[in-house]
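Novice: So here's upload15.txt (compact mmCIF, C-alpha atoms).
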```
# COMPACT_ATOMS: atom_id res chain seq x y z
CA MET Q 1 -5.72 193.88 112.35
CA ASN Q 2 -4.25 191.85 115.15
CA ARG Q 3 -4.77 188.66 113.15
CA ILE Q 4 -3.11 190.18 110.06
CA HIS Q 5 -0.24 191.41 112.19
CA ARG Q 6 0.22 187.89 113.64
CA LEU Q 7 0.13 186.31 110.14
CA PHE Q 8 2.65 188.85 108.93
CA ARG Q 9 4.93 188.06 111.86
CA VAL Q 10 4.66 184.29 111.21
CA ALA Q 11 5.40 184.86 107.53
CA VAL Q 12 8.48 186.95 108.34
CA LEU Q 13 9.72 184.35 110.85
CA ALA Q 14 9.15 181.58 108.30
CA ALA Q 15 11.08 183.56 105.68
CA LEU Q 16 13.93 184.21 108.09
CA PHE Q 17 13.99 180.54 109.08
CA ALA Q 18 14.07 179.50 105.43
CA LEU Q 19 16.89 181.94 104.73
CA GLY Q 20 18.82 180.84 107.77
CA THR Q 21 18.56 177.16 107.01
CA GLY Q 22 19.29 177.78 103.35
CA THR Q 23 22.50 179.57 104.31
CA ALA Q 24 23.43 176.78 106.69
CA PHE Q 25 22.91 174.17 104.00
CA ALA Q 26 24.82 176.26 101.49
CA GLN Q 27 27.92 176.05 103.67
CA GLN Q 28 29.92 172.92 103.09
CA LEU Q 29 30.36 170.69 106.07
CA THR Q 30 33.98 169.56 106.24
CA ARG Q 31 34.20 165.90 107.15
CA ILE Q 32 37.53 164.38 108.11
CA ALA Q 33 38.48 160.71 107.87
CA VAL Q 34 41.54 158.84 109.05
CA VAL Q 35 43.21 155.79 107.50
CA ASP Q 36 45.74 153.43 109.07
CA LEU Q 37 47.93 153.37 105.99
CA SER Q 38 50.59 151.13 107.52
CA ARG Q 39 47.94 148.49 108.26
CA ILE Q 40 46.65 148.67 104.69
CA LEU Q 41 50.14 148.49 103.20
CA ALA Q 42 50.99 145.50 105.40
CA THR Q 43 48.25 143.51 103.68
CA LEU Q 44 49.41 144.25 100.13
CA PRO Q 45 51.53 141.98 97.94
CA ARG Q 46 55.21 142.81 98.12
CA ASP Q 47 57.44 144.21 95.42
CA PRO Q 48 58.64 141.21 93.38
CA ALA Q 49 62.30 142.34 93.30
CA ALA Q 50 62.36 142.91 97.06
CA LEU Q 51 60.64 139.57 97.59
CA ARG Q 52 63.29 137.80 95.49
CA ASP Q 53 66.06 139.49 97.51
CA PHE Q 54 64.38 138.45 100.76
CA ASP Q 55 63.92 134.87 99.55
CA GLN Q 56 67.60 134.74 98.53
CA LYS Q 57 68.70 135.98 101.96
CA LYS Q 58 66.39 133.49 103.66
CA PHE Q 59 67.77 130.70 101.45
CA GLU Q 60 71.35 131.66 102.39
CA VAL Q 61 70.51 131.64 106.11
CA GLN Q 62 68.73 128.29 105.79
CA ALA Q 63 71.68 126.83 103.85
CA GLU Q 64 74.03 127.85 106.67
CA ILE Q 65 71.67 126.36 109.28
CA ASP Q 66 71.55 123.13 107.26
CA ARG Q 67 75.37 123.08 106.96
CA MET Q 68 75.78 123.60 110.71
CA SER Q 69 73.16 120.92 111.43
CA ASP Q 70 75.01 118.48 109.15
CA VAL Q 71 78.23 119.11 111.09
CA ILE Q 72 76.38 118.39 114.35
CA ARG Q 73 74.86 115.18 112.93
CA SER Q 74 78.31 114.08 111.77
CA LEU Q 75 79.74 114.71 115.23
CA GLN Q 76 76.83 112.80 116.79
CA ALA Q 77 77.51 109.85 114.47
CA ARG Q 78 81.21 109.89 115.46
CA LYS Q 79 80.21 110.03 119.14
CA ALA Q 80 77.87 107.06 118.66
CA ASP Q 81 80.73 105.11 117.04
CA ALA Q 82 83.04 106.01 119.95
CA ASP Q 83 80.36 104.94 122.43
CA ARG Q 84 79.92 101.59 120.65
CA GLU Q 85 83.70 101.06 120.70
CA GLY Q 86 83.85 102.03 124.38
CA ASN Q 87 86.28 104.88 123.64
CA GLN Q 88 85.36 107.26 126.49
CA PRO Q 89 87.99 109.97 125.76
CA VAL Q 90 86.79 110.36 122.14
CA SER Q 91 83.13 110.20 123.25
CA ALA Q 92 83.73 112.98 125.81
CA GLN Q 93 85.58 115.05 123.21
CA MET Q 94 82.66 114.59 120.78
CA ASP Q 95 80.18 115.65 123.51
CA ALA Q 96 82.12 118.88 124.02
CA GLU Q 97 82.31 119.56 120.28
CA ILE Q 98 78.59 118.80 119.82
CA ALA Q 99 77.68 121.17 122.65
CA ALA Q 100 79.90 123.93 121.19
CA LYS Q 101 78.44 123.47 117.68
CA MET Q 102 74.87 123.49 119.03
CA ASP Q 103 75.65 126.74 120.88
CA GLU Q 104 77.01 128.20 117.63
CA LEU Q 105 73.85 127.13 115.80
CA ARG Q 106 71.57 128.65 118.47
CA ASP Q 107 73.58 131.90 118.41
CA TYR Q 108 73.43 132.02 114.62
CA ILE Q 109 69.66 131.53 114.64
CA LYS Q 110 69.25 134.15 117.39
CA LEU Q 111 71.26 136.58 115.28
CA LYS Q 112 69.69 135.89 111.88
CA GLN Q 113 66.02 135.41 112.82
CA PRO Q 114 65.43 139.03 113.94
CA LEU Q 115 67.29 140.29 110.87
CA LEU Q 116 65.05 138.25 108.56
CA GLU Q 117 61.93 139.39 110.41
CA ASP Q 118 63.07 143.01 110.12
CA LEU Q 119 63.71 142.59 106.39
CA ALA Q 120 60.24 141.07 105.97
CA ARG Q 121 58.61 143.99 107.82
CA LYS Q 122 60.51 146.59 105.81
CA MET Q 123 59.87 144.96 102.45
CA PRO Q 124 58.04 147.55 100.36
CA PRO Q 125 54.67 146.76 98.85
CA SER Q 126 54.37 146.61 95.09
CA PRO Q 127 54.14 150.15 93.61
CA ILE Q 128 51.14 149.09 91.51
CA TYR Q 129 49.19 148.23 94.65
CA VAL Q 130 50.23 151.48 96.38
CA GLN Q 131 48.73 153.41 93.45
CA GLN Q 132 45.54 151.36 93.78
CA VAL Q 133 45.39 152.18 97.50
CA ASN Q 134 45.72 155.91 96.77
CA ARG Q 135 42.95 155.75 94.17
CA GLN Q 136 40.73 153.77 96.53
CA ILE Q 137 41.27 156.27 99.36
CA GLN Q 138 40.17 159.09 97.03
CA ALA Q 139 37.17 157.14 95.72
CA SER Q 140 36.02 156.11 99.21
CA ALA Q 141 36.43 159.65 100.55
CA GLU Q 142 34.49 161.20 97.66
CA ALA Q 143 31.75 158.57 97.85
CA ASP Q 144 31.21 159.11 101.57
CA GLY Q 145 31.52 162.91 101.46
CA TYR Q 146 34.84 163.36 103.24
CA SER Q 147 36.81 166.52 102.51
CA ILE Q 148 40.14 165.37 103.86
CA VAL Q 149 41.74 162.01 104.74
CA LEU Q 150 44.56 161.95 107.27
CA SER Q 151 47.01 159.20 108.11
CA LEU Q 152 46.08 157.67 111.46
CA ARG Q 153 49.74 157.53 112.45
CA GLY Q 154 50.44 161.10 111.25
CA GLY Q 155 53.31 160.90 108.83
CA ASP Q 156 54.57 157.42 109.59
CA SER Q 157 54.92 156.91 105.87
CA SER Q 158 56.53 158.80 103.05
CA ALA Q 159 53.04 160.03 102.11
CA GLY Q 160 52.87 162.45 105.04
CA PRO Q 161 49.92 163.15 107.32
CA VAL Q 162 47.46 164.25 104.57
CA LEU Q 163 46.66 161.34 102.26
CA TRP Q 164 43.95 163.09 100.18
CA TYR Q 165 41.93 166.29 100.25
CA SER Q 166 39.12 167.76 98.23
CA PRO Q 167 40.08 170.83 96.19
CA SER Q 168 36.93 172.47 97.56
CA ILE Q 169 38.62 173.02 100.93
CA ASP Q 170 41.71 174.64 99.42
CA ILE Q 171 41.57 178.35 100.32
CA THR Q 172 44.89 179.30 98.69
CA ASP Q 173 43.26 181.48 96.01
CA MET Q 174 41.11 183.24 98.62
CA VAL Q 175 44.18 184.03 100.76
CA LEU Q 176 46.17 185.23 97.74
CA LYS Q 177 43.29 187.45 96.64
CA SER Q 178 42.99 188.88 100.13
CA LEU Q 179 46.74 189.48 100.36
CA SER Q 180 46.91 191.11 96.94
CA GLY Q 181 44.13 193.51 97.97
CA LYS Q 182 46.02 194.50 101.14
CA THR Q 183 49.37 195.08 99.44
CA GLN Q 184 48.01 197.54 96.88
```
Go through the file and emit its structure as C-alpha cells.

Specialist:
Amino acid sequence: MNRIHRLFRVAVLAALFALGTGTAFAQQLTRIAVVDLSRILATLPRDPAALRDFDQKKFEVQAEIDRMSDVIRSLQARKADADREGNQPVSAQMDAEIAAKMDELRDYIKLKQPLLEDLARKMPPSPIYVQQVNRQIQASAEADGYSIVLSLRGGDSSAGPVLWYSPSIDITDMVLKSLSGKTQ
C-alpha cells in the first residue's frame, strides 16, 4: 500500500508539473527590442530633390568662395607688380586690401560651412528607403520573436517611440470588453 501511495503521489506531482509547465509555455513571453532609427536613417540614400537643393546651395557657396579667391589673387598680382616697380605706397595699400579680403573670405567660410553641414545632416532620406526600413524592422522583429520594437532615442523621429508592435500584445479589446461588462 505504501508503494502504491508513493507511486500515486509521484504521478500526481508529475501531472501537476506537466500542467504547470504547459500553462507557463502557453503564456506568450513578450520580448522587446530597440532600434537606433536615427543611425539607420543616416546611412540611407537621400531624397533626390533635397539632394539637388543641397548641391545647388553648395555650388552657390563654392562660387562665392571662388569669386572672393579670384579677387584676392588679382590683388596679389597687383601687389607683385607694385613690388617689382618699387612702389611701396601701392604695395602697402595692396597688403592691407589683401588682408581685409582674406579676413572676409575666412569669415564667409566660417559662416557658410556650419550651415552647409547642418543642411546635410537635416537632409531627409528617400521615402522609398524609409518604407523599406519599416518593413525590415517588422520582418526582423517577427523572425526573432520580438513583440515590440522601440526607438532607442525615444521619439527622436516623427515615428515616435514605438516603431512596431505585434497585434498579439494589443489588449484593447480585452479592456473594452471588461469596461462594457462593468458599465451594464

Novice: Which of these, Q:Leu105, Q:Tyr129, Q:Val35, Q:Leu152, has the shortest distance to Asp66 of chain Q once you count only C-alpha atoms?

Specialist: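 Answer, going by the shortest atom-to-atom distance: Q:Leu105.
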
Novice: Please tell me which residues are no farther than 6 Å from (76.4, 123.5, 115.1) in the file, counting all atoms listed in the file, and write them as JSON, numbers by chain.

Specialist: {"Q": [68, 69, 72, 101, 102, 104, 105]}

Novice: One decimal, Å: what's the distance from atom CA of Glu117 of chain Q over to atom CA of Thr43 of chain Q, could you say?

Specialist: 15.8 Å

Novice: In terms of the shortest atom-to-atom distance over only C-alpha atoms, which of Q:Val61, Q:Ala92, Q:Val34, Q:Ala49 is closest to Pro124 of chain Q?

Specialist: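 Ranking Q:Val61, Q:Ala92, Q:Val34, Q:Ala49 by distance to Pro124 of chain Q, first place goes to Q:Ala49.
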
Novice: Just to confirm, what's the straight-line distance from atom CA of Tyr146 of chain Q to atom CA of Ile32 of chain Q in Å (one decimal)?

Specialist: 5.7 Å

Novice: Check the smallest atom-to-atom distance from each of Q:Ile137, Q:Leu163, Q:Leu119, Q:Leu176 to Gln56 of chain Q using only C-alpha atoms, then report the winner.

Specialist: Q:Leu119

Novice: From the options Q:Ser168, Q:Ile109, Q:Ala99, Q:Pro161, which residue's atoms come nearest to Arg73 of chain Q, counting all atoms listed in the file?

Specialist: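 The shortest atom-to-atom distance to Arg73 of chain Q comes from Q:Ala99.
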
Novice: At what distance in Å, to one decimal, does atom CA of Val149 of chain Q lie from atom CA of Arg46 of chain Q?

Specialist: 24.4 Å

Novice: Which residue, Q:Ile65, Q:Ala100, Q:Val130, Q:Leu51, has the smallest gap to Ser38 of chain Q when you use only C-alpha atoms?

Specialist: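 Among the listed residues, Q:Val130 lies closest to Ser38 of chain Q.
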